[in-house]
$ cat input12.txt   # compact mmCIF, C-alpha atoms and all ligand atoms
# COMPACT_ATOMS: atom_id res chain seq x y z
CA MET A 1 -7.98 -5.25 1.55
CA ILE A 2 -10.33 -4.90 4.53
CA THR A 3 -9.05 -2.44 7.12
CA VAL A 4 -10.27 -2.67 10.69
CA ILE A 5 -9.84 0.47 12.79
CA GLY A 6 -10.55 -0.57 16.35
CA SER A 7 -9.67 -2.00 19.71
CA ILE A 8 -7.04 -4.55 20.66
CA ASN A 9 -7.34 -5.98 24.18
CA MET A 10 -5.99 -8.73 26.34
CA ASP A 11 -8.87 -10.49 28.12
CA LEU A 12 -7.94 -11.49 31.65
CA VAL A 13 -10.37 -14.19 32.61
CA VAL A 14 -10.83 -15.23 36.25
CA LYS A 15 -13.18 -18.05 37.17
CA THR A 16 -14.25 -18.20 40.78
CA ALA A 17 -16.83 -20.12 42.82
CA ILE A 18 -16.84 -17.45 45.51
CA TYR A 19 -17.38 -13.80 44.77
CA PRO A 20 -15.37 -11.57 47.15
CA LYS A 21 -17.17 -9.07 49.33
CA GLN A 22 -15.69 -5.61 49.73
CA GLY A 23 -12.28 -5.86 51.42
CA GLU A 24 -12.28 -9.68 51.24
CA THR A 25 -9.76 -11.96 49.51
CA VAL A 26 -10.88 -15.30 48.08
CA LEU A 27 -9.15 -18.06 46.13
CA GLY A 28 -10.29 -18.36 42.52
CA ASP A 29 -10.40 -21.53 40.38
CA LEU A 30 -8.80 -20.51 37.10
CA PHE A 31 -6.96 -17.69 35.35
CA THR A 32 -6.33 -17.38 31.59
CA THR A 33 -5.32 -14.61 29.21
CA VAL A 34 -6.88 -14.55 25.75
CA PRO A 35 -6.54 -12.00 22.94
CA GLY A 36 -9.67 -9.90 22.45
CA GLY A 37 -11.07 -6.46 21.69
CA LYS A 38 -13.86 -6.15 19.14
CA GLY A 39 -11.52 -4.64 16.53
CA ALA A 40 -8.93 -7.40 16.75
CA ASN A 41 -11.62 -10.08 16.94
CA GLN A 42 -13.35 -8.91 13.77
CA ALA A 43 -10.00 -8.63 11.98
CA VAL A 44 -9.17 -12.22 12.95
CA ALA A 45 -12.61 -13.45 11.82
CA ALA A 46 -12.17 -11.95 8.34
CA ALA A 47 -8.52 -13.04 8.02
CA ARG A 48 -9.26 -16.68 8.93
CA LEU A 49 -11.69 -16.78 6.03
CA GLY A 50 -8.92 -15.70 3.67
CA SER A 51 -9.47 -11.94 3.38
CA ALA A 52 -6.44 -9.65 3.25
CA VAL A 53 -6.85 -7.64 6.45
CA GLY A 54 -5.00 -4.62 7.82
CA MET A 55 -5.41 -3.30 11.34
CA ILE A 56 -5.16 0.26 12.61
CA GLY A 57 -5.09 0.48 16.40
CA ALA A 58 -2.78 0.86 19.36
CA VAL A 59 -1.14 -1.22 22.06
CA GLY A 60 1.16 -0.26 24.92
CA ASN A 61 4.89 -0.71 25.22
CA ASP A 62 4.40 -3.78 27.40
CA ALA A 63 4.31 -7.56 27.36
CA PHE A 64 0.60 -7.77 26.46
CA GLY A 65 1.24 -5.41 23.54
CA ILE A 66 3.94 -7.67 22.13
CA GLU A 67 1.81 -10.78 22.62
CA LEU A 68 -1.21 -9.21 20.91
CA LEU A 69 0.85 -8.01 17.94
CA ASN A 70 2.31 -11.51 17.58
CA ASN A 71 -1.18 -12.95 17.67
CA LEU A 72 -2.41 -10.64 14.89
CA THR A 73 0.68 -11.43 12.80
CA LYS A 74 0.13 -15.16 13.29
CA GLU A 75 -3.38 -14.61 11.86
CA LYS A 76 -1.75 -13.00 8.76
CA ILE A 77 -3.08 -9.53 9.62
CA LEU A 78 -0.99 -6.53 8.54
CA VAL A 79 0.02 -4.70 11.73
CA GLU A 80 1.99 -1.76 10.30
CA GLY A 81 -0.97 0.43 11.30
CA VAL A 82 -0.87 -0.63 14.95
CA GLY A 83 0.94 2.04 16.98
CA LYS A 84 2.92 1.46 20.16
CA THR A 85 2.08 4.04 22.82
CA ASN A 86 3.25 4.84 26.33
CA THR A 87 -0.19 3.98 27.68
CA ALA A 88 -0.78 0.41 28.84
CA THR A 89 -2.35 -2.09 26.45
CA GLY A 90 -6.14 -2.27 26.78
CA ILE A 91 -7.50 -5.06 28.92
CA ALA A 92 -10.86 -6.58 29.79
CA ASN A 93 -11.03 -8.03 33.27
CA ILE A 94 -13.63 -10.79 33.04
CA LEU A 95 -14.91 -12.38 36.23
CA LEU A 96 -16.82 -15.60 35.68
CA HIS A 97 -19.00 -16.59 38.60
CA ASN A 98 -22.10 -18.76 38.79
CA ASN A 99 -22.69 -18.88 35.00
CA ASP A 100 -22.66 -15.11 34.94
CA ASN A 101 -19.98 -12.56 34.18
CA ARG A 102 -18.81 -9.17 35.43
CA ILE A 103 -16.48 -7.29 33.12
CA ILE A 104 -14.27 -4.24 33.63
CA VAL A 105 -12.70 -2.84 30.46
CA VAL A 106 -9.72 -0.51 30.74
CA PRO A 107 -9.30 0.96 27.22
CA GLY A 108 -5.72 2.18 27.80
CA ALA A 109 -3.89 2.42 24.48
CA ASN A 110 -7.14 2.01 22.51
CA PHE A 111 -8.05 5.56 23.47
CA LYS A 112 -4.81 6.76 21.85
CA VAL A 113 -6.15 5.88 18.40
CA ASP A 114 -6.55 9.48 17.26
CA ARG A 115 -6.75 11.63 14.11
CA GLU A 116 -2.97 11.72 13.80
CA MET A 117 -2.83 7.92 13.74
CA ILE A 118 -5.48 7.88 11.01
CA ASP A 119 -3.48 10.41 8.95
CA GLN A 120 -0.35 8.29 9.34
CA ASN A 121 -2.21 5.33 7.83
CA ILE A 122 -4.12 7.11 5.12
CA GLU A 123 -2.54 5.03 2.34
CA LEU A 124 -3.83 1.84 3.96
CA ILE A 125 -7.30 3.37 4.17
CA LYS A 126 -7.17 4.47 0.52
CA ALA A 127 -6.21 0.93 -0.53
CA SER A 128 -9.22 -0.58 1.30
CA LYS A 129 -12.35 -2.06 -0.20
CA LEU A 130 -14.09 -1.75 3.16
CA ILE A 131 -13.38 -0.07 6.50
CA MET A 132 -14.69 -1.83 9.62
CA LEU A 133 -15.38 0.13 12.80
CA GLN A 134 -16.70 -0.64 16.28
CA LEU A 135 -17.12 1.79 19.17
CA GLU A 136 -14.21 0.90 21.47
CA ILE A 137 -11.97 3.76 20.22
CA PRO A 138 -12.61 7.52 20.70
CA VAL A 139 -15.80 8.93 19.19
CA ASP A 140 -13.78 11.79 17.66
CA THR A 141 -11.70 9.26 15.69
CA ILE A 142 -14.86 7.59 14.35
CA ASP A 143 -16.14 11.02 13.25
CA TYR A 144 -12.87 11.67 11.44
CA VAL A 145 -12.76 8.26 9.73
CA LEU A 146 -16.37 8.60 8.54
CA ASP A 147 -15.54 12.04 7.04
CA ILE A 148 -12.51 10.68 5.21
CA CYS A 149 -14.32 7.60 3.93
CA GLY A 150 -17.21 9.81 2.76
CA GLN A 151 -14.81 12.02 0.80
CA LEU A 152 -13.00 9.03 -0.70
CA SER A 153 -16.20 7.00 -1.29
CA ILE A 154 -14.87 4.03 0.68
CA PRO A 155 -17.63 1.77 2.09
CA VAL A 156 -17.83 1.54 5.89
CA LEU A 157 -19.27 -1.20 8.07
CA LEU A 158 -19.98 0.06 11.59
CA ASN A 159 -20.72 -2.42 14.34
CA PRO A 160 -22.24 -0.12 16.98
CA ALA A 161 -20.97 -1.79 20.13
CA PRO A 162 -21.02 -0.60 22.84
CA ALA A 163 -24.17 1.20 21.65
CA ARG A 164 -24.03 4.06 24.16
CA ASN A 165 -21.12 5.55 22.16
CA PHE A 166 -23.18 5.78 18.95
CA LYS A 167 -23.92 9.25 17.50
CA ALA A 168 -27.27 9.51 15.71
CA ASP A 169 -26.04 11.25 12.54
CA TRP A 170 -23.53 8.48 11.79
CA ILE A 171 -26.34 6.40 10.33
CA HIS A 172 -26.16 8.62 7.22
CA ASN A 173 -22.40 8.11 6.81
CA VAL A 174 -22.14 4.34 7.00
CA THR A 175 -22.78 1.75 4.34
CA TYR A 176 -23.74 -1.02 6.78
CA LEU A 177 -24.74 -0.85 10.43
CA THR A 178 -24.79 -4.16 12.32
CA PRO A 179 -26.33 -3.86 15.80
CA ASN A 180 -27.67 -6.80 17.75
CA GLU A 181 -31.29 -6.55 18.83
CA THR A 182 -30.56 -4.79 22.14
CA GLU A 183 -28.15 -2.31 20.57
CA CYS A 184 -30.70 -1.60 17.84
CA GLU A 185 -33.35 -0.70 20.41
CA GLU A 186 -30.90 1.34 22.47
CA ILE A 187 -29.79 3.38 19.44
CA PHE A 188 -33.12 3.96 17.70
CA GLY A 189 -35.59 3.63 20.57
CA SER A 190 -37.94 1.34 18.64
CA ASP A 191 -38.27 -2.35 17.80
CA TYR A 192 -35.89 -3.71 15.20
CA GLU A 193 -38.48 -4.27 12.48
CA THR A 194 -39.47 -0.60 12.52
CA VAL A 195 -35.80 0.37 12.33
CA LEU A 196 -35.00 -2.00 9.46
CA LYS A 197 -37.81 -0.54 7.34
CA GLN A 198 -36.29 2.93 7.68
CA TYR A 199 -32.89 1.83 6.43
CA PRO A 200 -33.17 -0.59 3.50
CA HIS A 201 -29.97 -2.46 2.54
CA LYS A 202 -28.14 -0.71 5.38
CA VAL A 203 -29.09 -1.95 8.84
CA ILE A 204 -28.50 -5.65 9.49
CA VAL A 205 -29.72 -6.76 12.91
CA THR A 206 -28.27 -9.91 14.44
CA LEU A 207 -30.77 -11.96 16.42
CA GLY A 208 -28.64 -14.43 18.37
CA GLY A 209 -29.67 -18.04 17.75
CA GLU A 210 -32.43 -16.77 15.44
CA GLY A 211 -29.96 -15.51 12.81
CA ALA A 212 -30.17 -12.00 11.35
CA ALA A 213 -32.47 -9.71 9.38
CA TYR A 214 -32.43 -6.74 6.97
CA PHE A 215 -34.93 -4.88 4.78
CA ASN A 216 -34.61 -5.17 1.01
CA GLY A 217 -36.86 -2.21 0.24
CA GLU A 218 -39.97 -4.35 -0.08
CA GLU A 219 -39.92 -6.79 2.78
CA ILE A 220 -37.94 -7.76 5.85
CA ILE A 221 -35.67 -10.66 4.98
CA LYS A 222 -35.10 -12.77 8.05
CA ILE A 223 -32.32 -15.28 7.55
CA PRO A 224 -32.38 -18.03 10.18
CA CYS A 225 -29.16 -19.62 11.32
CA CYS A 226 -28.52 -23.28 11.79
CA LYS A 227 -29.34 -24.75 15.15
CA THR A 228 -26.20 -25.86 16.86
CA ASN A 229 -24.78 -26.88 20.19
CA ALA A 230 -23.77 -23.48 21.61
CA VAL A 231 -20.97 -23.80 24.17
CA ASP A 232 -19.81 -20.17 24.40
CA THR A 233 -21.37 -17.33 22.40
CA THR A 234 -18.51 -14.91 23.15
CA GLY A 235 -17.32 -13.55 19.82
CA ALA A 236 -20.44 -14.59 17.88
CA GLY A 237 -21.14 -10.99 16.90
CA ASP A 238 -17.51 -10.38 15.95
CA THR A 239 -17.43 -13.51 13.81
CA PHE A 240 -20.66 -12.45 12.11
CA ASN A 241 -19.18 -9.03 11.27
CA GLY A 242 -15.85 -10.36 10.02
CA ALA A 243 -17.57 -13.00 7.90
CA PHE A 244 -20.13 -10.54 6.52
CA ALA A 245 -17.27 -8.22 5.51
CA HIS A 246 -15.42 -11.09 3.85
CA ALA A 247 -18.48 -12.11 1.85
CA ILE A 248 -19.60 -8.64 0.80
CA CYS A 249 -16.04 -7.76 -0.34
CA GLY A 250 -16.03 -10.99 -2.33
CA GLY A 251 -18.97 -9.69 -4.36
CA LYS A 252 -21.80 -11.56 -2.65
CA SER A 253 -25.20 -9.89 -2.20
CA ILE A 254 -26.35 -8.75 1.24
CA GLU A 255 -28.66 -11.76 1.53
CA GLU A 256 -25.90 -14.22 0.60
CA SER A 257 -23.45 -12.43 2.90
CA VAL A 258 -25.83 -12.66 5.87
CA HIS A 259 -26.36 -16.34 5.13
CA PHE A 260 -22.57 -16.85 5.06
CA ALA A 261 -22.05 -14.79 8.23
CA ASN A 262 -24.73 -16.80 10.07
CA ALA A 263 -22.97 -20.02 9.14
CA ALA A 264 -19.58 -18.71 10.32
CA ALA A 265 -20.99 -17.31 13.58
CA SER A 266 -22.92 -20.51 14.33
CA ILE A 267 -19.62 -22.43 14.13
CA SER A 268 -17.90 -19.92 16.43
CA VAL A 269 -20.34 -20.57 19.29
CA GLU A 270 -19.38 -24.26 19.35
CA LYS A 271 -15.98 -23.44 20.88
CA PHE A 272 -14.71 -21.55 23.91
CA GLY A 273 -13.39 -17.99 23.60
CA ALA A 274 -13.95 -15.20 21.11
CA GLN A 275 -11.18 -15.98 18.62
CA GLY A 276 -10.95 -19.65 19.57
CA GLY A 277 -14.08 -20.64 17.65
CA MET A 278 -13.65 -18.51 14.54
CA PRO A 279 -13.77 -20.83 11.52
CA GLN A 280 -11.65 -21.26 8.39
CA LEU A 281 -13.36 -20.84 5.01
CA SER A 282 -13.55 -24.61 4.40
CA GLU A 283 -15.52 -25.12 7.63
CA VAL A 284 -18.05 -22.45 6.65
CA ASN A 285 -18.46 -23.96 3.19
CA GLU A 286 -19.05 -27.39 4.77
CA ARG A 287 -21.77 -25.94 6.97
CA LEU A 288 -23.39 -24.13 4.06
CA LYS A 289 -23.49 -27.41 2.11
CA LYS A 290 -25.21 -29.13 5.04
CA ILE A 291 -27.87 -26.41 5.23
CA LYS A 292 -28.68 -26.82 1.51
N1 LIG A 301 -27.03 -19.89 20.02
C1 LIG A 301 -26.60 -19.66 18.78
N2 LIG A 301 -26.62 -20.65 17.85
C2 LIG A 301 -26.20 -20.44 16.58
N3 LIG A 301 -25.77 -19.25 16.14
C3 LIG A 301 -25.73 -18.21 17.00
C4 LIG A 301 -26.14 -18.36 18.36
N4 LIG A 301 -25.99 -17.17 18.97
C5 LIG A 301 -25.49 -16.33 18.04
N5 LIG A 301 -25.35 -16.94 16.84
C6 LIG A 301 -24.85 -16.33 15.58
O1 LIG A 301 -24.09 -15.18 15.92
C7 LIG A 301 -24.67 -13.99 15.37
C8 LIG A 301 -24.49 -12.87 16.33
O2 LIG A 301 -25.14 -13.18 17.54
P1 LIG A 301 -25.83 -12.05 18.46
O3 LIG A 301 -26.98 -11.46 17.75
O4 LIG A 301 -26.05 -12.67 19.78
O5 LIG A 301 -24.69 -10.94 18.49
P2 LIG A 301 -23.91 -10.32 19.72
O6 LIG A 301 -24.86 -10.01 20.82
O7 LIG A 301 -23.10 -9.21 19.17
O8 LIG A 301 -22.98 -11.53 20.12
P3 LIG A 301 -21.87 -11.61 21.26
O9 LIG A 301 -21.96 -10.33 22.04
O10 LIG A 301 -22.26 -12.84 22.03
O11 LIG A 301 -20.61 -11.77 20.51
C9 LIG A 301 -26.11 -14.36 15.07
O12 LIG A 301 -26.63 -13.56 14.03
C10 LIG A 301 -25.98 -15.84 14.68
O13 LIG A 301 -25.55 -15.92 13.33
K K A 302 -17.05 -18.71 21.03
$ encode --input "input12.txt" --output "structure tokens"
Amino acid sequence: MITVIGSINMDLVVKTAIYPKQGETVLGDLFTTVPGGKGANQAVAAARLGSAVGMIGAVGNDAFGIELLNNLTKEKILVEGVGKTNTATGIANILLHNNDNRIIVVPGANFKVDREMIDQNIELIKASKLIMLQLEIPVDTIDYVLDICGQLSIPVLLNPAPARNFKADWIHNVTYLTPNETECEEIFGSDYETVLKQYPHKVIVTLGGEGAAYFNGEEIIKIPCCKTNAVDTTGAGDTFNGAFAHAICGGKSIEESVHFANAAASISVEKFGAQGGMPQLSEVNERLKKIK
């Protein structure tokens, strides 16, 4: 079992040709709602590949909450650990304009994922081969989970996004840290190659269309990803993390797992939306065959 402790959001996407000035009302072109949140996205990525996945998180007592729980259940994710709170379900308001985006995230129920909720789900945590964390729930909860996992010797993968919420001493308490290049620089204040060399077999930096890299103790292993027709890279990082978790829990080495995660993430960018492009295991295996 992989347990994801993290955010569950509804993404509210508005596409508009005109961007309103202060006090102005304009007519937009398109509105859609899509399930998101880094926690939920990574859970879906791992589950689609066939991993048994449990989710610990929170939604509100509202229509979005019900819809998001249904979505996770449809993806065969265990949702017993998802609490219903009196705070509204988290949302991300995404404004698409001129090939650019402006995003407002309202964490809502995600900030109700607290120590008590972790205690209530301790059996799920104990039954896990790997705990996956991102930084869209309270920092205090991350601290608590890392303590518990340390005591119980349960491996932890931490995807440090958004990076500004990262606490420096956490690096010693995680098994894997998976920043992208920008997050890596923001957290450590130096270029990614310098960082990798300090943390062999631990830090895995994703490099967009260039793939990903880690340090094996002797040299930096840079694993390129297949060139593909990228339509929408939203969710590429989440797919990478979910797929890496799936592979590493299946007994693959770090190098093989990065290779696998690259293949999965490169498929995800070929389709629109974060969860929309996340592949099934057979699709990843097909791609891996093509690369060989
Ligand atoms: N243009 C691309 N073509 C193929 N694969 C890609 C492309 N962009 C990203 N990927 C894959 O996705 C992984 C994660 O991408 P990236 O390093 O951009 O993470 P990220 O910034 O967290 O992504 P995002 O925020 O867009 O979800 C890469 O390691 C790679 O495997
Ligand atoms: K996508």
$ closest_atom_pairs --input "input12.txt" --of "chain A" --to "ligand K 302 (chain A)" --cutoff "12 Å" --atoms "only C-alpha atoms and all ligand atoms" --output "CSV"
residue,atom,partner,partner_atom,distance
A:Val34,CA,A:K302,K,12.0
A:Gly36,CA,A:K302,K,11.6
A:Asn41,CA,A:K302,K,11.0
A:Ala45,CA,A:K302,K,11.5
A:Asn229,CA,A:K302,K,11.3
A:Ala230,CA,A:K302,K,8.3
A:Val231,CA,A:K302,K,7.2
A:Asp232,CA,A:K302,K,4.6
A:Thr233,CA,A:K302,K,4.7
A:Thr234,CA,A:K302,K,4.6
A:Gly235,CA,A:K302,K,5.3
A:Ala236,CA,A:K302,K,6.2
A:Gly237,CA,A:K302,K,9.7
A:Asp238,CA,A:K302,K,9.8
A:Thr239,CA,A:K302,K,8.9
A:Phe240,CA,A:K302,K,11.5
A:Ala264,CA,A:K302,K,11.0
A:Ala265,CA,A:K302,K,8.5
A:Ser266,CA,A:K302,K,9.1
A:Ile267,CA,A:K302,K,8.2
A:Ser268,CA,A:K302,K,4.8
A:Val269,CA,A:K302,K,4.2
A:Glu270,CA,A:K302,K,6.2
A:Lys271,CA,A:K302,K,4.9
A:Phe272,CA,A:K302,K,4.7
A:Gly273,CA,A:K302,K,4.5
A:Ala274,CA,A:K302,K,4.7
A:Gln275,CA,A:K302,K,6.9
A:Gly276,CA,A:K302,K,6.3
A:Gly277,CA,A:K302,K,4.9
A:Met278,CA,A:K302,K,7.3
A:Pro279,CA,A:K302,K,10.3
$ residues_around --input "input12.txt" --residues "Ile171 (chain A)" --least-positions-apart "4" --cutoff "10 Å" --atoms "only C-alpha atoms" --output "PyMOL selection string"
chain A and resi 158+166-167+175-177+199+202-203
$ atom_distance --input "input12.txt" --atom1 "CA of Lys290 (chain A)" --atom2 "CA of Ala52 (chain A)"
27.1 Å
$ closest_residue --input "input12.txt" --among "A:Ala261, A:Cys226, A:Val4, A:Ile91" --to "Met132 (chain A)" --atoms "only C-alpha atoms"
A:Val4
$ atom_distance --input "input12.txt" --atom1 "CA of Ile104 (chain A)" --atom2 "CA of Asn86 (chain A)"
21.0 Å
$ atom_distance --input "input12.txt" --atom1 "CA of Ile204 (chain A)" --atom2 "CA of Ala245 (chain A)"
12.2 Å
$ closest_residue --input "input12.txt" --among "A:Asn159, A:Thr73, A:Ser128, A:Ser7" --to "ligand LIG 301 (chain A)" --atoms "all atoms listed in the file"
A:Asn159
$ closest_residue --input "input12.txt" --among "A:Asn173, A:Asn216, A:Asn285, A:Asn180" --to "Leu146 (chain A)" --atoms "all atoms listed in the file"
A:Asn173
$ axis_aligned_box --input "input12.txt" --around "ligand LIG 301 (chain A)" --padding-each-side "5 Å" --output "AutoDock Vina command-line options"
--center_x -23.8 --center_y -14.9 --center_z 17.7 --size_x 16.4 --size_y 21.4 --size_z 18.7
$ residues_around --input "input12.txt" --residues "region 19-27 of chain A" --least-positions-apart "3" --cutoff "12 Å" --atoms "only C-alpha atoms" --output "ChimeraX atom specification"
/A:14-16,30-31,95-98,100-102
$ write_last_selection --input "input12.txt" --atoms "C-alpha atoms" --output "PDB file, in the coordinates of the input"
ATOM      1  CA  VAL A  14     -10.830 -15.230  36.250  1.00  0.00           C
ATOM      2  CA  LYS A  15     -13.180 -18.050  37.170  1.00  0.00           C
ATOM      3  CA  THR A  16     -14.250 -18.200  40.780  1.00  0.00           C
ATOM      4  CA  LEU A  30      -8.800 -20.510  37.100  1.00  0.00           C
ATOM      5  CA  PHE A  31      -6.960 -17.690  35.350  1.00  0.00           C
ATOM      6  CA  LEU A  95     -14.910 -12.380  36.230  1.00  0.00           C
ATOM      7  CA  LEU A  96     -16.820 -15.600  35.680  1.00  0.00           C
ATOM      8  CA  HIS A  97     -19.000 -16.590  38.600  1.00  0.00           C
ATOM      9  CA  ASN A  98     -22.100 -18.760  38.790  1.00  0.00           C
ATOM     10  CA  ASP A 100     -22.660 -15.110  34.940  1.00  0.00           C
ATOM     11  CA  ASN A 101     -19.980 -12.560  34.180  1.00  0.00           C
ATOM     12  CA  ARG A 102     -18.810  -9.170  35.430  1.00  0.00           C
TER      13      ARG A 102
END
$ residues_around --input "input12.txt" --residues "Cys149 (chain A)" --least-positions-apart "2" --cutoff "12 Å" --atoms "all atoms listed in the file" --output "PyMOL selection string"
chain A and resi 3+118+122+124-133+142-147+151-157+173-175
$ residues_near_point --input "input12.txt" --point "(-34.1, 0.1, 13.8)" --cutoff "12 Å" --atoms "all atoms listed in the file" --output "count of residues only"
35
